[in-house]
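The structure appears below as structure tokens.
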Amino acid sequence: MNITRRATLAGAGAAFASITAGLPGIARAQAKQVVVGTWGGDYGELLRANIDQPLMAPQGIEVLQDIANADPRKTKLLAERQARRGTFDVACLSDTDMHMISAQGVFDNLDMAKLKRGAAILPALAKPYAVPHIYSALVLLYNPNKITTPPKGFADMFDPKYRGRVGFSDILYSTNTFAAAMAGGGAFNNYAPSQKKLMELRSLDAKVYPSNEALAAALKSEEVWMTPMWLARGFMWQKAGIPVKHVVPSEGAYAIVFEMAVPKNSRGKDNAYAYIDAALQPAAQAAFADRMGYLPTVKDAPLPAEIASQISLTEAEQARLRAPDYDYLLKTHAEILDFWNKQFKA
Amino acid sequence: MAALVLPAGLLVLLLLVAPMLLLARISLNQFSPTEMMVEATTAANYLRAIQDPYYQQVMATTLGVALGCTLLTLALGFPAAYWLARMQSRWKSLATILVLFPLLVGNVVRAAGWMALLGNEGAINAALKGLGLITTSLPLLYNTGSVVTGIVAVVLPYMILTLASVIESIPRQAEEAASNLGAKPFTVFRRVVLPLALPGVAAGSVLVFILCMNTYASAVLLGGPQFKMMAPAVYDQFVRGNNWPFGAALAFILLGVTLLLTVVGSTLLGRKYKTA
């Protein structure tokens, strides 16, 4: 084979192109892109199928997902907050996490004039620094085959009949602590009773699983029968054949809102706003309800009646729901985690 | 000649020493839930970590697991290393590659494999249930045993290869001479092979001990939520607690203890080597 100068140059060019294709910094100069920091799994996949491809691609904006669990992404946002250029254009986090990171001055206050869909947002969920994407309620899930009298609230977890049958997801330590606090007469701004109640659960052989998925497997094999969880997860698990029903706890519970925000050091804010607008489109919202059981955060998203009946709440149930006390959680978060790790799990 | 060290030296300075210095500075700061970190020069984080019975327990578990794994690896690795070192056949290089094989799989992937084997619904429990030997699953996962199993499987190749290279340099004639003079095989091992292989034992043990002290993936995935070693505790403080100063202090304590024990251990073994 003859190696000519021209062929060598062409080869080198192709090699350079294939190397640089993986570098977002260089690619960014060529096309419109938006980097979305999000969970993987169903959430990431639904974003891709219902926002990235049908709504963003026609606008000529390519969406890059930076996938990780919430904790590493929170740490990334905090570590980069002094940097001139951040990784994410859109950050997806739960409402409590979002408040915590927002308190460190990481996000822009949103310019609602730039959001075409801003007016459609449910007013109760609106915040200055984040847009609500989907939401659900904290409920108590139980196995109806094993627990024939439906539980009323978190207090039922302490019934000695269910010794060894209450399971917790380790990543929901804050929520589990809340459930224990409410069962012990605590309040949204007072988790103090949780300490005694968690130790009580410990002596009742409550089980802790490393992830929601591991907890789901334990519910499926009927190793445990009861757990505090998001209604939407319960809906998904039910669809997957896991024997669970839900009850909105009589003690009261909170809604969980998954939100989107724009970091101050985003490199493509216009594209970020376009992305958030797309996420608020009725069709994109309905897709999350259909597959994951999360409720739309906009007024005009259509829900099939069958799904609505499974994931919506009655007025009486809604009355028991409130927003978490974010400031209280921000101040006590380290303490809650410490107790969970050092006393409850020890 | 010194210039040859320059590129590697600069790289280490840039990528290792600089972040370590930054981390050391952070460890002296004060944690604040609302502001994350307040600039300060305090030893409070170190004192808290040293005095807290919880972290004493985490350190004890870490040391116990690391020492146990090192001894177990040594016991399992020595015969294999001896066999490999004395191997004459043309399959020797293939055997060496086979020893290295576990390192071709990432830590997390390997741990996932152990989970599939040891879990309540895992292969072993399913097989035992299928054979009718048990009715409820045996708790094989999420305990010290599963963590030790996972770690030993990771570090064994390091021990075997380190030992094998030293044993290879021990002349076979030394063993033959001992046998000719009437030593039984175990005496040959105890009086001739082991003392001459001590530098390898020291190097392999130090390497393995350091790897075990810093175990993360095996401890998290095979130990479960209730099993705590130092590296996951450091991660917890940084990523879940947002408490960077305390996390940094824990990291330096782990580093300090590992360094201290490594130096003490190799000095003791070194002394033994000289007297042997």
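Ordered as shown in the structure tokens, chains take letters A, B, and onward, while each chain numbers its residues from 1 and ligands are numbered from 1 in the order shown.
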Determine, using only C-alpha atoms, which residues of chain A have any atom at most 7 Å from an atom of chain B, and tabulate each with its shortest atom pair and distance in Å to one decimal place, rows ordered by chain and then rising number, as JSON lines.
```
{"residue": "A:Asp71", "atom": "CA", "partner": "B:Val239", "partner_atom": "CA", "distance": 5.5}
{"residue": "A:Pro72", "atom": "CA", "partner": "B:Val239", "partner_atom": "CA", "distance": 6.0}
{"residue": "A:Thr75", "atom": "CA", "partner": "B:Val239", "partner_atom": "CA", "distance": 5.8}
{"residue": "A:Ala103", "atom": "CA", "partner": "B:Thr34", "partner_atom": "CA", "distance": 6.9}
{"residue": "A:Gln104", "atom": "CA", "partner": "B:Glu35", "partner_atom": "CA", "distance": 6.3}
{"residue": "A:Asp170", "atom": "CA", "partner": "B:Pro225", "partner_atom": "CA", "distance": 6.7}
{"residue": "A:Val208", "atom": "CA", "partner": "B:Pro225", "partner_atom": "CA", "distance": 6.8}
{"residue": "A:Tyr209", "atom": "CA", "partner": "B:Pro225", "partner_atom": "CA", "distance": 6.6}
{"residue": "A:Pro210", "atom": "CA", "partner": "B:Pro225", "partner_atom": "CA", "distance": 5.3}
{"residue": "A:Leu330", "atom": "CA", "partner": "B:Pro33", "partner_atom": "CA", "distance": 6.3}
{"residue": "A:Lys331", "atom": "CA", "partner": "B:Pro33", "partner_atom": "CA", "distance": 5.4}
{"residue": "A:Ala334", "atom": "CA", "partner": "B:Gly241", "partner_atom": "CA", "distance": 5.5}
{"residue": "A:Leu337", "atom": "CA", "partner": "B:Gly241", "partner_atom": "CA", "distance": 6.8}
{"residue": "A:Lys342", "atom": "CA", "partner": "B:Tyr54", "partner_atom": "CA", "distance": 6.2}
{"residue": "A:Lys345", "atom": "CA", "partner": "B:Gln226", "partner_atom": "CA", "distance": 5.5}
{"residue": "A:Ala346", "atom": "CA", "partner": "B:Gln226", "partner_atom": "CA", "distance": 6.4}
```
Those same residues - C-alpha atoms - I'd like them written as a PDB file, in the first residue's frame.
```pdb
ATOM      1  CA  ASP A  71     -25.807  13.482  46.280  1.00  0.00           C
ATOM      2  CA  PRO A  72     -22.840  13.494  43.881  1.00  0.00           C
ATOM      3  CA  THR A  75     -21.521  18.013  45.657  1.00  0.00           C
ATOM      4  CA  ALA A 103     -29.091  28.550  50.098  1.00  0.00           C
ATOM      5  CA  GLN A 104     -25.417  28.391  49.034  1.00  0.00           C
ATOM      6  CA  ASP A 170     -31.199   3.972  53.371  1.00  0.00           C
ATOM      7  CA  VAL A 208     -32.599  -1.023  56.212  1.00  0.00           C
ATOM      8  CA  TYR A 209     -31.939  -1.580  52.510  1.00  0.00           C
ATOM      9  CA  PRO A 210     -29.164   0.200  50.593  1.00  0.00           C
ATOM     10  CA  LEU A 330     -31.247  22.744  56.247  1.00  0.00           C
ATOM     11  CA  LYS A 331     -30.221  23.370  59.850  1.00  0.00           C
ATOM     12  CA  ALA A 334     -26.338  16.918  59.507  1.00  0.00           C
ATOM     13  CA  LEU A 337     -27.885  11.967  59.109  1.00  0.00           C
ATOM     14  CA  LYS A 342     -24.557   6.407  64.355  1.00  0.00           C
ATOM     15  CA  LYS A 345     -28.089   1.821  62.011  1.00  0.00           C
ATOM     16  CA  ALA A 346     -25.217   1.111  64.412  1.00  0.00           C
TER      17      ALA A 346
END
```
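Excluding Ala231 of chain B itself and any same-chain residue fewer than 3 positions from it, the protein and nucleic acid residues within 10 Å of it, counting only C-alpha atoms, are Val58, Met59, Thr62, Met213, Asn214, Thr215, Tyr216, Ala217, Ala219, Val220, Lys228, Val234, Tyr235, Asp236, Gly247, Leu250, Ala251 and Leu254 of chain B.
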Restricted to C-alpha atoms, what would the selected residues look like written as a PDB file, in the first residue's frame?
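Below you can see result-v4.pdb, which holds the result:
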```
ATOM      1  CA  VAL B  58     -15.532   2.538  62.326  1.00  0.00           C
ATOM      2  CA  MET B  59     -11.721   2.752  62.560  1.00  0.00           C
ATOM      3  CA  THR B  62     -11.488  -0.873  59.184  1.00  0.00           C
ATOM      4  CA  MET B 213      -7.633   0.195  54.481  1.00  0.00           C
ATOM      5  CA  ASN B 214      -9.042   2.272  51.628  1.00  0.00           C
ATOM      6  CA  THR B 215     -11.701  -0.209  50.529  1.00  0.00           C
ATOM      7  CA  TYR B 216     -14.777   1.583  49.269  1.00  0.00           C
ATOM      8  CA  ALA B 217     -16.819  -0.351  46.703  1.00  0.00           C
ATOM      9  CA  ALA B 219     -17.537  -2.205  51.803  1.00  0.00           C
ATOM     10  CA  VAL B 220     -20.537  -0.309  50.430  1.00  0.00           C
ATOM     11  CA  LYS B 228     -19.122   1.006  58.043  1.00  0.00           C
ATOM     12  CA  VAL B 234     -15.446   9.930  54.451  1.00  0.00           C
ATOM     13  CA  TYR B 235     -17.669   9.810  51.362  1.00  0.00           C
ATOM     14  CA  ASP B 236     -20.759  10.075  53.565  1.00  0.00           C
ATOM     15  CA  GLY B 247     -14.857  14.602  55.939  1.00  0.00           C
ATOM     16  CA  LEU B 250     -11.526  11.815  58.666  1.00  0.00           C
ATOM     17  CA  ALA B 251      -9.583  11.369  55.417  1.00  0.00           C
ATOM     18  CA  LEU B 254      -7.287   7.388  57.757  1.00  0.00           C
TER      19      LEU B 254
END
```
#### Entry: DSSP strand (DSSP E or B) residues within segment 246-285 of chain A, as a list in words
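Here is the list: His246, Val247, Ala253, Tyr254, Ala255, Ile256, Val257, Phe258, Glu259, Met260, Ala261 and Pro263 of chain A.
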Grab the residues selected above and save them as a tab-separated table (two decimals), in the first residue's frame with C-alpha atoms.
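Okay, selection09.tsv is ready:
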```
chain	number	residue	atom	x	y	z
A	246	HIS	CA	-50.86	3.01	49.98
A	247	VAL	CA	-52.36	5.17	52.68
A	253	ALA	CA	-47.01	14.03	55.39
A	254	TYR	CA	-45.27	16.13	52.79
A	255	ALA	CA	-45.31	16.36	49.05
A	256	ILE	CA	-42.08	15.73	47.20
A	257	VAL	CA	-41.47	18.00	44.24
A	258	PHE	CA	-38.76	17.29	41.72
A	259	GLU	CA	-37.52	20.62	40.46
A	260	MET	CA	-35.28	22.17	37.81
A	261	ALA	CA	-33.04	25.18	38.26
A	263	PRO	CA	-26.97	27.46	37.95
```
### Message
List the spatial neighbours of Lys74 of chain A as a PyMOL selection string - criterion: any atom at most 10 Å away, only C-alpha atoms, same-chain residues fewer than 6 positions off excluded.
### Response
(chain A and resi 37+68+80+91-93+97-98+100-101) or (chain B and resi 239-240+242)
### Task
Just give me the gap between atom CA of Gly77 of chain B and atom CA of Ile160 of chain B in Å, one decimal is fine.
5.0 Å
### Gap from atom CA of Ile311 of chain A to atom CA of Gly293 of chain A - Å, one decimal
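Between these atoms lies a distance of 6.0 Å.
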### Task
Kindly give the distance, in Å, that separates atom CA of Ile61 of chain A and atom CA of Trp39 of chain A, rounded to a single decimal.
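Separation between atom CA of Ile61 of chain A and atom CA of Trp39 of chain A: 20.4 Å.
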### Task
Compile the contact shell of Lys152 of chain A as a list in words: residues with an atom at most 9 Å away, counting only C-alpha atoms, same-chain residues fewer than 6 positions apart removed.
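Here the answer would be Leu140, Val247, Val248, Pro249, Ser250 and Glu251 of chain A.
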### Message
Using only C-alpha atoms, can you tell me which of B:Gly204, B:Pro185, B:Gly145, B:Pro199 comes closest to Gly68 of chain B?
### Response
B:Gly145
### Query
Residues at most 9 Å from segment 79-83 of chain B, counting only C-alpha atoms, excluding those fewer than 6 positions away in the same chain, as JSON, numbers by chain?
{"B": [159, 160, 161, 162, 163, 164, 165, 167, 168]}
Print the selection's residues with N, CA and C atoms to a file, as a CSV table (one decimal), in the first residue's frame.
```
chain,number,residue,atom,x,y,z
B,159,MET,N,-0.7,-9.8,46.0
B,159,MET,CA,0.1,-10.6,46.9
B,159,MET,C,0.8,-11.7,46.2
B,160,ILE,N,0.1,-12.4,45.3
B,160,ILE,CA,0.7,-13.5,44.6
B,160,ILE,C,1.9,-13.1,43.8
B,161,LEU,N,1.7,-12.0,43.0
B,161,LEU,CA,2.7,-11.6,42.0
B,161,LEU,C,3.9,-11.0,42.8
B,162,THR,N,3.7,-10.3,43.9
B,162,THR,CA,4.8,-9.7,44.6
B,162,THR,C,5.6,-10.9,45.2
B,163,LEU,N,4.9,-11.8,45.9
B,163,LEU,CA,5.6,-13.0,46.5
B,163,LEU,C,6.3,-13.8,45.4
B,164,ALA,N,5.7,-14.0,44.3
B,164,ALA,CA,6.3,-14.9,43.3
B,164,ALA,C,7.6,-14.4,42.8
B,165,SER,N,7.6,-13.1,42.6
B,165,SER,CA,8.9,-12.5,42.0
B,165,SER,C,10.0,-12.6,43.0
B,167,ILE,N,10.2,-15.1,45.5
B,167,ILE,CA,10.5,-16.5,45.6
B,167,ILE,C,11.3,-17.0,44.4
B,168,GLU,N,11.0,-16.5,43.3
B,168,GLU,CA,11.8,-16.9,42.1
B,168,GLU,C,13.3,-16.6,42.2
```
### Task
Would you list, as a PyMOL selection string, the residues of segment 55-209 of chain B that end up in helix (DSSP H, G or I) under DSSP run on this structure's backbone?
chain B and resi 55-85+92-104+107-118+123-130+144-168+172-180+185-209
### Query
Using only C-alpha atoms, which residues sit within 9 Å of Gln30 of chain B once same-chain residues fewer than 6 positions away are excluded, as JSON, numbers by chain?
{"B": [36, 37, 38, 39, 40, 41, 42, 44, 45, 243, 244, 245, 246]}
